[in-house]
>>> print(open('input_39.cif').read())   # mmCIF, C-alpha atoms
data_my_file
#
loop_
_atom_site.group_PDB
_atom_site.id
_atom_site.type_symbol
_atom_site.label_atom_id
_atom_site.label_comp_id
_atom_site.auth_asym_id
_atom_site.auth_seq_id
_atom_site.Cartn_x
_atom_site.Cartn_y
_atom_site.Cartn_z
ATOM 1 C CA MET A 112 37.915 131.618 -2.599
ATOM 2 C CA ASN A 113 39.056 128.730 -4.774
ATOM 3 C CA TYR A 114 37.480 125.326 -5.354
ATOM 4 C CA THR A 115 39.645 123.582 -2.755
ATOM 5 C CA GLU A 116 38.850 126.098 -0.028
ATOM 6 C CA ARG A 117 35.157 125.901 -0.801
ATOM 7 C CA ALA A 118 35.235 122.109 -0.708
ATOM 8 C CA ILE A 119 37.040 122.127 2.639
ATOM 9 C CA ILE A 120 34.647 124.581 4.274
ATOM 10 C CA ASN A 121 31.521 122.932 2.947
ATOM 11 C CA GLY A 122 32.777 119.411 3.504
ATOM 12 C CA LEU A 123 34.534 119.537 6.856
ATOM 13 C CA GLN A 124 32.111 121.508 9.048
ATOM 14 C CA GLY A 125 30.060 118.409 9.607
ATOM 15 C CA GLY A 126 32.845 116.089 10.687
ATOM 16 C CA PHE A 127 36.296 114.667 10.157
ATOM 17 C CA PRO A 128 37.261 110.968 10.071
ATOM 18 C CA VAL A 129 38.952 109.242 12.983
ATOM 19 C CA CYS A 130 41.159 106.628 11.296
ATOM 20 C CA GLU A 131 44.847 106.188 10.421
ATOM 21 C CA ARG A 132 44.826 108.403 7.354
ATOM 22 C CA PRO A 133 41.964 110.805 8.005
ATOM 23 C CA PHE A 134 43.125 113.457 5.551
ATOM 24 C CA LEU A 135 43.287 110.846 2.820
ATOM 25 C CA ALA A 136 39.804 109.556 3.671
ATOM 26 C CA ALA A 137 38.346 113.075 3.807
ATOM 27 C CA ALA A 138 40.168 114.129 0.642
ATOM 28 C CA GLU A 139 38.712 111.203 -1.284
ATOM 29 C CA GLN A 140 35.221 112.260 -0.216
ATOM 30 C CA LEU A 141 35.894 115.797 -1.392
ATOM 31 C CA GLY A 142 37.565 114.800 -4.643
ATOM 32 C CA LEU A 143 40.925 116.236 -3.583
ATOM 33 C CA SER A 144 44.341 114.743 -2.964
ATOM 34 C CA GLU A 145 45.549 114.317 0.599
ATOM 35 C CA GLU A 146 48.284 116.887 0.060
ATOM 36 C CA THR A 147 45.907 119.460 -1.427
ATOM 37 C CA LEU A 148 43.594 119.066 1.534
ATOM 38 C CA ILE A 149 46.374 119.495 4.090
ATOM 39 C CA ASN A 150 47.796 122.536 2.286
ATOM 40 C CA GLY A 151 44.329 124.043 1.865
ATOM 41 C CA LEU A 152 43.612 123.672 5.562
ATOM 42 C CA ARG A 153 46.914 125.289 6.421
ATOM 43 C CA CYS A 154 46.056 128.284 4.216
ATOM 44 C CA LEU A 155 42.577 128.680 5.695
ATOM 45 C CA LEU A 156 44.008 128.621 9.198
ATOM 46 C CA ASP A 157 46.829 131.011 8.310
ATOM 47 C CA ASN A 158 44.501 133.548 6.720
ATOM 48 C CA GLU A 159 42.100 133.181 9.660
ATOM 49 C CA THR A 160 39.092 132.030 7.656
ATOM 50 C CA LEU A 161 38.997 129.151 10.115
ATOM 51 C CA SER A 162 39.245 129.813 13.804
ATOM 52 C CA ARG A 163 40.181 126.215 14.551
ATOM 53 C CA PHE A 164 40.482 122.760 13.100
ATOM 54 C CA GLY A 165 39.656 120.338 15.854
ATOM 55 C CA PRO A 166 36.972 119.369 18.339
ATOM 56 C CA MET A 167 33.918 121.130 19.637
ATOM 57 C CA TYR A 168 33.652 119.809 23.159
ATOM 58 C CA HIS A 169 30.400 119.379 25.019
ATOM 59 C CA ALA A 170 30.774 121.860 27.870
ATOM 60 C CA GLU A 171 28.030 120.511 30.103
ATOM 61 C CA ARG A 172 29.265 116.973 29.764
ATOM 62 C CA LEU A 173 32.672 118.166 30.874
ATOM 63 C CA GLY A 174 31.138 119.451 34.047
ATOM 64 C CA GLY A 175 31.211 123.037 32.811
ATOM 65 C CA ALA A 176 28.540 125.588 32.183
ATOM 66 C CA LEU A 177 27.694 127.404 28.998
ATOM 67 C CA SER A 178 25.281 130.280 28.941
ATOM 68 C CA LEU A 179 23.995 133.150 26.897
ATOM 69 C CA VAL A 180 24.015 136.451 28.748
ATOM 70 C CA ALA A 181 22.309 139.710 27.788
ATOM 71 C CA MET A 182 22.830 143.243 29.071
ATOM 72 C CA GLU A 183 21.224 146.601 28.428
ATOM 73 C CA ILE A 184 23.984 149.172 27.991
ATOM 74 C CA PRO A 185 23.521 152.846 27.080
ATOM 75 C CA ALA A 186 25.316 153.764 23.847
ATOM 76 C CA ALA A 187 27.722 156.120 25.607
ATOM 77 C CA ASP A 188 28.920 153.350 27.901
ATOM 78 C CA PHE A 189 28.915 150.548 25.393
ATOM 79 C CA ASP A 190 32.597 150.410 24.497
ATOM 80 C CA ARG A 191 33.763 150.600 28.091
ATOM 81 C CA VAL A 192 31.448 147.752 29.103
ATOM 82 C CA ALA A 193 32.397 145.689 26.038
ATOM 83 C CA ASP A 194 36.077 145.997 26.994
ATOM 84 C CA GLN A 195 35.366 144.995 30.574
ATOM 85 C CA VAL A 196 33.236 142.016 29.557
ATOM 86 C CA ASN A 197 35.626 140.836 26.849
ATOM 87 C CA ALA A 198 38.531 140.904 29.276
ATOM 88 C CA PHE A 199 37.127 137.759 30.917
ATOM 89 C CA PRO A 200 38.650 134.752 29.144
ATOM 90 C CA GLU A 201 35.424 132.827 29.779
ATOM 91 C CA VAL A 202 33.557 135.158 27.416
ATOM 92 C CA ALA A 203 33.648 133.272 24.137
ATOM 93 C CA HIS A 204 31.862 135.687 21.838
ATOM 94 C CA ASN A 205 30.172 138.976 22.234
ATOM 95 C CA TYR A 206 27.802 140.725 19.857
ATOM 96 C CA ALA A 207 26.021 144.048 19.817
ATOM 97 C CA ARG A 208 22.407 143.484 18.763
ATOM 98 C CA ASP A 209 19.595 145.852 17.852
ATOM 99 C CA HIS A 210 17.334 145.561 20.897
ATOM 100 C CA ALA A 211 16.968 147.214 24.318
ATOM 101 C CA LEU A 212 19.089 144.300 25.552
ATOM 102 C CA ASN A 213 21.908 145.233 23.210
ATOM 103 C CA MET A 214 24.925 143.212 24.365
ATOM 104 C CA TRP A 215 24.831 139.408 24.029
ATOM 105 C CA PHE A 216 27.681 137.131 24.903
ATOM 106 C CA VAL A 217 28.409 133.477 25.483
ATOM 107 C CA LEU A 218 29.988 132.524 28.772
ATOM 108 C CA ALA A 219 31.780 129.177 29.060
ATOM 109 C CA THR A 220 33.126 128.129 32.443
ATOM 110 C CA GLU A 221 34.775 124.978 33.725
ATOM 111 C CA LYS A 222 32.606 124.784 36.801
ATOM 112 C CA PRO A 223 28.945 125.776 37.103
ATOM 113 C CA GLU A 224 29.635 127.728 40.318
ATOM 114 C CA ARG A 225 32.154 129.869 38.519
ATOM 115 C CA LYS A 226 29.506 131.106 36.123
ATOM 116 C CA ASP A 227 27.577 132.847 38.872
ATOM 117 C CA TRP A 228 30.777 134.291 40.273
ATOM 118 C CA ILE A 229 31.762 135.754 36.893
ATOM 119 C CA LEU A 230 28.278 137.147 36.317
ATOM 120 C CA GLY A 231 28.514 138.823 39.722
ATOM 121 C CA GLU A 232 31.928 140.252 38.842
ATOM 122 C CA ILE A 233 30.632 141.547 35.507
ATOM 123 C CA GLU A 234 27.689 143.273 37.188
ATOM 124 C CA ARG A 235 29.925 144.748 39.860
ATOM 125 C CA GLU A 236 32.586 146.000 37.429
ATOM 126 C CA THR A 237 30.227 147.370 34.814
ATOM 127 C CA GLY A 238 27.407 148.566 37.060
ATOM 128 C CA TYR A 239 24.768 146.961 34.824
ATOM 129 C CA ARG A 240 22.613 143.921 35.258
ATOM 130 C CA ALA A 241 23.512 140.720 33.390
ATOM 131 C CA TYR A 242 20.603 138.486 32.406
ATOM 132 C CA ASP A 243 21.638 134.866 32.385
ATOM 133 C CA MET A 244 19.796 132.713 29.836
ATOM 134 C CA PRO A 245 21.193 129.189 29.953
ATOM 135 C CA LYS A 246 19.744 126.785 27.457
ATOM 136 C CA LEU A 247 16.928 124.637 28.805
ATOM 137 C CA ALA A 248 16.703 122.486 25.708
ATOM 138 C CA GLU A 249 18.719 122.233 22.519
ATOM 139 C CA TYR A 250 16.771 121.317 19.429
ATOM 140 C CA PHE A 251 19.350 121.633 16.733
ATOM 141 C CA VAL A 252 23.059 122.203 16.396
ATOM 142 C CA GLY A 253 23.851 122.208 12.761
ATOM 143 C CA LEU A 254 25.717 125.439 12.284
ATOM 144 C CA ARG A 255 27.045 124.907 8.792
ATOM 145 C CA LEU A 256 27.654 127.697 6.400
ATOM 146 C CA GLU A 257 27.853 127.090 2.680
ATOM 147 C CA VAL A 258 30.266 129.094 0.568
ATOM 148 C CA MET B 261 36.439 99.550 30.610
ATOM 149 C CA SER B 262 33.666 99.260 33.120
ATOM 150 C CA ALA B 263 30.116 99.786 31.989
ATOM 151 C CA LEU B 264 29.048 101.731 35.062
ATOM 152 C CA PRO B 265 26.939 104.756 34.218
ATOM 153 C CA PHE B 266 29.382 107.164 35.894
ATOM 154 C CA ASP B 267 33.064 106.642 35.522
ATOM 155 C CA PRO B 268 35.855 109.181 35.432
ATOM 156 C CA TRP B 269 36.951 109.958 31.909
ATOM 157 C CA PHE B 270 40.404 111.198 32.652
ATOM 158 C CA THR B 271 41.676 108.499 34.956
ATOM 159 C CA ASP B 272 44.838 108.274 32.919
ATOM 160 C CA PRO B 273 46.836 111.517 32.774
ATOM 161 C CA ARG B 274 47.432 110.845 29.099
ATOM 162 C CA ASP B 275 43.709 111.351 28.497
ATOM 163 C CA LEU B 276 43.875 114.851 29.842
ATOM 164 C CA ALA B 277 46.993 115.559 27.776
ATOM 165 C CA LEU B 278 45.214 114.231 24.699
ATOM 166 C CA PHE B 279 42.129 116.280 25.438
ATOM 167 C CA GLU B 280 44.207 119.447 25.673
ATOM 168 C CA ALA B 281 46.410 118.665 22.688
ATOM 169 C CA LEU B 282 43.341 118.081 20.549
ATOM 170 C CA GLN B 283 41.982 121.454 21.553
ATOM 171 C CA GLU B 284 45.091 123.076 20.066
ATOM 172 C CA GLY B 285 44.041 121.654 16.727
ATOM 173 C CA LEU B 286 44.753 118.512 14.751
ATOM 174 C CA PRO B 287 48.323 118.362 13.399
ATOM 175 C CA LEU B 288 48.328 118.901 9.632
ATOM 176 C CA VAL B 289 50.253 115.746 8.800
ATOM 177 C CA SER B 290 49.238 112.576 7.047
ATOM 178 C CA ARG B 291 48.827 110.612 10.297
ATOM 179 C CA PRO B 292 47.710 113.227 12.825
ATOM 180 C CA TYR B 293 46.569 110.731 15.439
ATOM 181 C CA ALA B 294 49.982 109.086 15.455
ATOM 182 C CA ALA B 295 51.552 112.552 15.893
ATOM 183 C CA MET B 296 49.242 113.368 18.791
ATOM 184 C CA GLY B 297 49.938 109.997 20.329
ATOM 185 C CA GLU B 298 53.659 110.685 20.261
ATOM 186 C CA ARG B 299 53.087 113.911 22.150
ATOM 187 C CA VAL B 300 50.973 112.369 24.899
ATOM 188 C CA GLY B 301 52.371 108.839 25.138
ATOM 189 C CA TYR B 302 49.631 106.880 23.408
ATOM 190 C CA THR B 303 49.903 104.723 20.325
ATOM 191 C CA GLU B 304 48.035 105.801 17.215
ATOM 192 C CA ALA B 305 45.469 103.056 17.810
ATOM 193 C CA GLU B 306 44.909 104.221 21.381
ATOM 194 C CA VAL B 307 44.340 107.805 20.263
ATOM 195 C CA ILE B 308 41.867 106.637 17.635
ATOM 196 C CA GLY B 309 40.098 104.508 20.245
ATOM 197 C CA ARG B 310 39.813 107.352 22.740
ATOM 198 C CA LEU B 311 38.564 109.823 20.149
ATOM 199 C CA ARG B 312 35.947 107.407 18.852
ATOM 200 C CA GLU B 313 34.764 106.864 22.403
ATOM 201 C CA TRP B 314 34.624 110.578 23.173
ATOM 202 C CA ARG B 315 32.742 111.199 19.991
ATOM 203 C CA ALA B 316 30.238 108.404 20.589
ATOM 204 C CA SER B 317 29.607 109.695 24.110
ATOM 205 C CA GLY B 318 28.984 113.228 22.902
ATOM 206 C CA LEU B 319 31.982 114.585 24.804
ATOM 207 C CA ILE B 320 33.204 115.668 21.380
ATOM 208 C CA LYS B 321 30.148 117.164 19.732
ATOM 209 C CA ARG B 322 31.876 117.563 16.439
ATOM 210 C CA LEU B 323 35.330 117.295 14.960
ATOM 211 C CA GLY B 324 36.134 119.429 11.970
ATOM 212 C CA VAL B 325 36.655 122.973 10.805
ATOM 213 C CA ILE B 326 35.294 125.868 12.807
ATOM 214 C CA VAL B 327 34.802 128.889 10.581
ATOM 215 C CA ARG B 328 34.852 132.581 11.331
ATOM 216 C CA HIS B 329 31.520 133.236 9.727
ATOM 217 C CA ARG B 330 32.095 136.946 9.198
ATOM 218 C CA ARG B 331 35.162 136.111 7.145
ATOM 219 C CA LEU B 332 32.944 134.057 4.856
ATOM 220 C CA GLY B 333 30.624 136.972 4.203
ATOM 221 C CA TYR B 334 27.979 135.839 6.670
ATOM 222 C CA ARG B 335 27.413 139.232 8.176
ATOM 223 C CA ALA B 336 23.648 139.163 8.617
ATOM 224 C CA ASN B 337 23.495 137.194 11.807
ATOM 225 C CA ALA B 338 20.024 137.181 13.295
ATOM 226 C CA MET B 339 18.803 135.835 16.584
ATOM 227 C CA VAL B 340 15.075 135.253 16.189
ATOM 228 C CA VAL B 341 13.064 134.821 19.367
ATOM 229 C CA TRP B 342 9.480 133.984 20.241
ATOM 230 C CA ASP B 343 7.310 133.862 23.298
ATOM 231 C CA VAL B 344 5.765 130.437 22.837
ATOM 232 C CA PRO B 345 3.447 128.740 25.367
ATOM 233 C CA ASP B 346 5.666 126.300 27.289
ATOM 234 C CA ALA B 347 3.606 123.290 26.274
ATOM 235 C CA GLU B 348 4.125 124.101 22.581
ATOM 236 C CA VAL B 349 7.875 124.754 22.543
ATOM 237 C CA SER B 350 9.168 121.311 21.568
ATOM 238 C CA ARG B 351 6.600 120.833 18.860
ATOM 239 C CA VAL B 352 7.271 124.218 17.289
ATOM 240 C CA ALA B 353 11.052 123.813 17.636
ATOM 241 C CA GLY B 354 10.781 120.557 15.728
ATOM 242 C CA ARG B 355 9.151 122.415 12.853
ATOM 243 C CA ILE B 356 11.660 125.270 12.938
ATOM 244 C CA CYS B 357 14.514 122.786 12.611
ATOM 245 C CA GLN B 358 13.088 121.564 9.310
ATOM 246 C CA TYR B 359 14.321 124.752 7.673
ATOM 247 C CA SER B 360 17.868 124.406 6.402
ATOM 248 C CA PHE B 361 18.688 128.083 6.983
ATOM 249 C CA VAL B 362 18.158 127.688 10.731
ATOM 250 C CA THR B 363 21.543 126.985 12.267
ATOM 251 C CA LEU B 364 20.785 126.672 15.996
ATOM 252 C CA CYS B 365 17.606 126.391 18.059
ATOM 253 C CA TYR B 366 17.283 126.531 21.854
ATOM 254 C CA ARG B 367 14.741 126.952 24.582
ATOM 255 C CA ARG B 368 15.888 129.449 27.228
ATOM 256 C CA PRO B 369 14.291 130.974 30.316
ATOM 257 C CA ARG B 370 12.246 134.175 30.220
ATOM 258 C CA ARG B 371 13.603 137.010 32.357
ATOM 259 C CA GLY B 372 10.615 138.897 33.740
ATOM 260 C CA SER B 373 9.454 142.058 32.055
ATOM 261 C CA GLU B 374 12.895 142.637 30.506
ATOM 262 C CA TRP B 375 12.725 139.566 28.344
ATOM 263 C CA HIS B 376 9.649 137.458 27.745
ATOM 264 C CA TYR B 377 10.904 135.246 24.909
ATOM 265 C CA ASN B 378 11.645 131.565 25.470
ATOM 266 C CA LEU B 379 12.420 130.088 22.032
ATOM 267 C CA PHE B 380 15.577 131.160 20.224
ATOM 268 C CA CYS B 381 16.924 130.336 16.808
ATOM 269 C CA MET B 382 19.841 131.625 14.776
ATOM 270 C CA ILE B 383 19.947 132.391 11.096
ATOM 271 C CA HIS B 384 23.327 133.238 9.589
ATOM 272 C CA GLY B 385 22.880 134.897 6.228
ATOM 273 C CA GLN B 386 24.826 136.930 3.726
ATOM 274 C CA ASP B 387 22.350 139.789 3.554
ATOM 275 C CA ARG B 388 19.765 141.232 5.835
ATOM 276 C CA GLU B 389 16.852 141.317 3.394
ATOM 277 C CA ARG B 390 17.164 137.673 2.638
ATOM 278 C CA VAL B 391 17.304 136.802 6.330
ATOM 279 C CA GLU B 392 14.211 138.924 6.940
ATOM 280 C CA SER B 393 12.347 137.018 4.257
ATOM 281 C CA GLN B 394 13.516 133.719 5.805
ATOM 282 C CA VAL B 395 12.121 134.853 9.152
ATOM 283 C CA ARG B 396 8.737 135.573 7.539
ATOM 284 C CA GLN B 397 8.833 132.199 5.831
ATOM 285 C CA LEU B 398 9.529 130.545 9.173
ATOM 286 C CA ILE B 399 6.722 132.335 11.007
ATOM 287 C CA GLU B 400 4.165 131.480 8.346
ATOM 288 C CA GLY B 401 5.414 127.965 7.678
ATOM 289 C CA CYS B 402 5.468 127.005 11.353
ATOM 290 C CA GLU B 403 2.154 128.771 12.073
ATOM 291 C CA MET B 404 3.662 131.072 14.646
ATOM 292 C CA THR B 405 1.898 134.285 13.646
ATOM 293 C CA ALA B 406 0.004 134.498 16.947
ATOM 294 C CA TRP B 407 3.102 134.668 19.160
ATOM 295 C CA PRO B 408 5.208 137.719 20.013
ATOM 296 C CA THR B 409 8.514 137.660 18.177
ATOM 297 C CA ALA B 410 11.627 139.771 17.677
ATOM 298 C CA THR B 411 14.573 139.584 15.307
ATOM 299 C CA LEU B 412 17.863 140.814 16.742
ATOM 300 C CA PHE B 413 20.498 141.386 14.090
ATOM 301 C CA SER B 414 24.057 141.646 15.250
ATOM 302 C CA THR B 415 25.456 145.088 14.587
ATOM 303 C CA ARG B 416 29.011 144.485 15.816
ATOM 304 C CA CYS B 417 31.055 141.464 16.733
ATOM 305 C CA PHE B 418 33.592 142.032 19.505
ATOM 306 C CA LYS B 419 34.964 138.637 20.113
ATOM 307 C CA GLN B 420 34.628 135.415 18.209
ATOM 308 C CA ARG B 421 36.540 132.378 19.266
ATOM 309 C CA GLY B 422 35.762 128.845 20.282
ATOM 310 C CA ALA B 423 35.259 128.212 23.973
ATOM 311 C CA ARG B 424 38.173 126.450 25.629
ATOM 312 C CA TYR B 425 37.876 124.121 28.554
ATOM 313 C CA VAL B 426 40.361 122.966 31.107
ATOM 314 C CA PRO B 427 38.800 120.139 33.096
ATOM 315 C CA ALA B 428 40.538 119.013 36.253
ATOM 316 C CA PRO B 429 42.248 115.611 36.210
ATOM 317 C CA GLY B 430 39.868 112.908 37.351
ATOM 318 C CA THR B 431 36.834 114.940 36.280
ATOM 319 C CA ILE B 432 33.753 112.779 36.639
ATOM 320 C CA LEU B 433 31.891 112.596 33.391
ATOM 321 C CA PRO B 434 28.971 110.475 32.276
ATOM 322 C CA LYS B 435 29.918 107.352 30.384
ATOM 323 C CA PRO B 436 29.015 107.083 26.733
ATOM 324 C CA ILE B 437 25.364 107.212 25.952
ATOM 325 C CA GLN B 438 24.780 104.694 23.185
ATOM 326 C CA ALA B 439 25.192 106.538 19.905
ATOM 327 C CA LEU B 440 21.868 106.868 18.113
#
>>> encode(input="input_39.cif", output="structure tokens")
Amino acid sequence: MNYTERAIINGLQGGFPVCERPFLAAAEQLGLSEETLINGLRCLLDNETLSRFGPMYHAERLGGALSLVAMEIPAADFDRVADQVNAFPEVAHNYARDHALNMWFVLATEKPERKDWILGEIERETGYRAYDMPKLAEYFVGLRLEV
Amino acid sequence: MSALPFDPWFTDPRDLALFEALQEGLPLVSRPYAAMGERVGYTEAEVIGRLREWRASGLIKRLGVIVRHRRLGYRANAMVVWDVPDAEVSRVAGRICQYSFVTLCYRRPRRGSEWHYNLFCMIHGQDRERVESQVRQLIEGCEMTAWPTATLFSTRCFKQRGARYVPAPGTILPKPIQAL
């Protein structure tokens, strides 16, 4: 990873200006030219280092629901269940973790009612229980990775 | 704009179009807000005004790059959980957040005998040993040695993408909370 890419990733996870020439304003902060910043972003998107360059919306404030869901799946059934769960577009990410509850995914739905419906569908299709763990309080959202 | 506490955000169809266009990603041109405005029928100044409002209200939590952390070598992704007495959760969470390696921290419900942990934090690290030492540092530094804890490393990632939302036109959303 080159200097420009590093500067973009470290500098633009925290925010991006909202003004007429935002790339110019951000580039000045990062010690880059506007053109270098735009080209660097294009590369990082093309090579899939970045999943997106844009907004992170507040799901609950949009009237939606966001939850963390855990399931306990026997190893032999894991891939089948993962495929079934991942087929729902509302499943945003899904990780295998080293615990009895070994499948953990984030569910984002437009309407709170739909969350319960999807959880019901997942349980019915997979035959396993889904433990819904919505956040009760958020203390910190500062996911920023340095490279 | 009215100052009522509840007011529909997307009264104008252009707002919804803007909301969706933004989700596709900012155009990589010198004046991206002018380009988005052309697409949805707003002027550049109107786009800037709407985005500032949405950001101040918290509707947009953050604008910027969203990384695929595995692509950056952050493969040791640990979810660290504790069973903390309810009355202590906020205080302890406040201390946990002082550590720069903690990336997210939430309180979540316990789920009976299957899951008795109520405080969750995430540590994204480049190697497992280092993350394990950060967890020890956290437990000692925040005086949490008395509480049951578990560290769940991710072993596989099946799906990693940003959540996408499609709110209905006229969705009722809270008006901006004064930015802190």
>>> resolve_selection(input="input_39.cif", expression="the PyMOL selection byres ((chain B) within 6 of (chain A))", output="PyMOL selection string")
chain B and resi 285-286+288+291+319-328+331+363-369+412-421+423
>>> residues_around(input="input_39.cif", residues="Leu230 in chain A", least_positions_apart="2", cutoff="10 Å", atoms="all atoms listed in the file", output="PyMOL selection string")
chain A and resi 180+196+218+225-228+232-236+240-243
>>> resolve_selection(input="input_39.cif", expression="the PyMOL selection byres ((chain B and resi 389-402) around 8)", output="number ranges by chain")
B: 336, 338, 340, 352, 355-356, 359, 361, 383-388, 403-405
>>> atom_distance(input="input_39.cif", atom1="CA of Pro185 in chain A", atom2="CA of Pro223 in chain A")
29.4 Å
>>> residues_around(input="input_39.cif", residues="Ala281 in chain B", least_positions_apart="4", cutoff="10 Å", atoms="only C-alpha atoms", output="list in words")
Gly165 of chain A; Asp275, Leu276, Ala277, Gly285, Leu286, Pro287, Met296, Gly297, Arg299 and Val300 of chain B
>>> atom_distance(input="input_39.cif", atom1="CA of Glu304 in chain B", atom2="CA of Thr271 in chain B")
19.0 Å
>>> atom_distance(input="input_39.cif", atom1="CA of Ile184 in chain A", atom2="CA of Tyr239 in chain A")
7.2 Å
>>> resolve_selection(input="input_39.cif", expression="the PyMOL selection byres ((chain B and resi 378) around 8)", output="ChimeraX atom specification")
/B:341-344,367-370,376-377,379-380
>>> decode(input="input_39.cif", residues="range 171-191 of chain A", atoms="N, CA and C atoms", output="mmCIF file, in the first residue's frame")
data_model
loop_
_atom_site.group_PDB
_atom_site.id
_atom_site.type_symbol
_atom_site.label_atom_id
_atom_site.label_comp_id
_atom_site.auth_asym_id
_atom_site.auth_seq_id
_atom_site.Cartn_x
_atom_site.Cartn_y
_atom_site.Cartn_z
ATOM 1 N N GLU A 171 -31.805 3.074 13.032
ATOM 2 C CA GLU A 171 -32.951 3.249 13.934
ATOM 3 C C GLU A 171 -33.647 4.575 13.667
ATOM 4 N N ARG A 172 -32.852 5.576 13.325
ATOM 5 C CA ARG A 172 -33.440 6.881 13.081
ATOM 6 C C ARG A 172 -34.212 6.900 11.759
ATOM 7 N N LEU A 173 -33.923 5.924 10.923
ATOM 8 C CA LEU A 173 -34.665 5.808 9.673
ATOM 9 C C LEU A 173 -35.919 4.987 9.857
ATOM 10 N N GLY A 174 -36.159 4.572 11.074
ATOM 11 C CA GLY A 174 -37.342 3.768 11.328
ATOM 12 C C GLY A 174 -37.058 2.285 11.159
ATOM 13 N N GLY A 175 -35.803 1.932 10.942
ATOM 14 C CA GLY A 175 -35.452 0.530 10.742
ATOM 15 C C GLY A 175 -34.970 -0.109 12.022
ATOM 16 N N ALA A 176 -34.572 -1.353 11.890
ATOM 17 C CA ALA A 176 -34.054 -2.075 13.043
ATOM 18 C C ALA A 176 -32.718 -2.696 12.658
ATOM 19 N N LEU A 177 -31.831 -2.717 13.609
ATOM 20 C CA LEU A 177 -30.504 -3.275 13.392
ATOM 21 C C LEU A 177 -30.244 -4.180 14.584
ATOM 22 N N SER A 178 -29.853 -5.403 14.311
ATOM 23 C CA SER A 178 -29.629 -6.290 15.452
ATOM 24 C C SER A 178 -28.479 -7.233 15.200
ATOM 25 N N LEU A 179 -27.961 -7.756 16.286
ATOM 26 C CA LEU A 179 -26.941 -8.791 16.220
ATOM 27 C C LEU A 179 -27.643 -10.098 16.585
ATOM 28 N N VAL A 180 -27.410 -11.117 15.780
ATOM 29 C CA VAL A 180 -28.110 -12.382 15.992
ATOM 30 C C VAL A 180 -27.074 -13.496 16.088
ATOM 31 N N ALA A 181 -27.285 -14.407 17.054
ATOM 32 C CA ALA A 181 -26.356 -15.522 17.228
ATOM 33 C C ALA A 181 -27.101 -16.841 17.099
ATOM 34 N N MET A 182 -26.402 -17.839 16.552
ATOM 35 C CA MET A 182 -26.981 -19.178 16.428
ATOM 36 C C MET A 182 -25.942 -20.218 16.801
ATOM 37 N N GLU A 183 -26.426 -21.352 17.267
ATOM 38 C CA GLU A 183 -25.530 -22.469 17.582
ATOM 39 C C GLU A 183 -25.747 -23.544 16.527
ATOM 40 N N ILE A 184 -24.747 -23.734 15.668
ATOM 41 C CA ILE A 184 -24.908 -24.629 14.522
ATOM 42 C C ILE A 184 -23.842 -25.734 14.578
ATOM 43 N N PRO A 185 -24.250 -26.986 14.514
ATOM 44 C CA PRO A 185 -23.259 -28.068 14.486
ATOM 45 C C PRO A 185 -22.363 -27.942 13.245
ATOM 46 N N ALA A 186 -21.106 -28.313 13.401
ATOM 47 C CA ALA A 186 -20.126 -28.138 12.319
ATOM 48 C C ALA A 186 -20.622 -28.727 10.995
ATOM 49 N N ALA A 187 -21.231 -29.884 11.061
ATOM 50 C CA ALA A 187 -21.650 -30.570 9.829
ATOM 51 C C ALA A 187 -22.725 -29.796 9.067
ATOM 52 N N ASP A 188 -23.448 -28.954 9.772
ATOM 53 C CA ASP A 188 -24.553 -28.226 9.159
ATOM 54 C C ASP A 188 -24.205 -26.776 8.869
ATOM 55 N N PHE A 189 -22.993 -26.399 9.248
ATOM 56 C CA PHE A 189 -22.649 -24.984 9.257
ATOM 57 C C PHE A 189 -22.766 -24.324 7.880
ATOM 58 N N ASP A 190 -22.207 -24.960 6.866
ATOM 59 C CA ASP A 190 -22.205 -24.326 5.549
ATOM 60 C C ASP A 190 -23.610 -24.193 4.977
ATOM 61 N N ARG A 191 -24.410 -25.202 5.182
ATOM 62 C CA ARG A 191 -25.799 -25.135 4.692
ATOM 63 C C ARG A 191 -26.518 -23.952 5.348
#
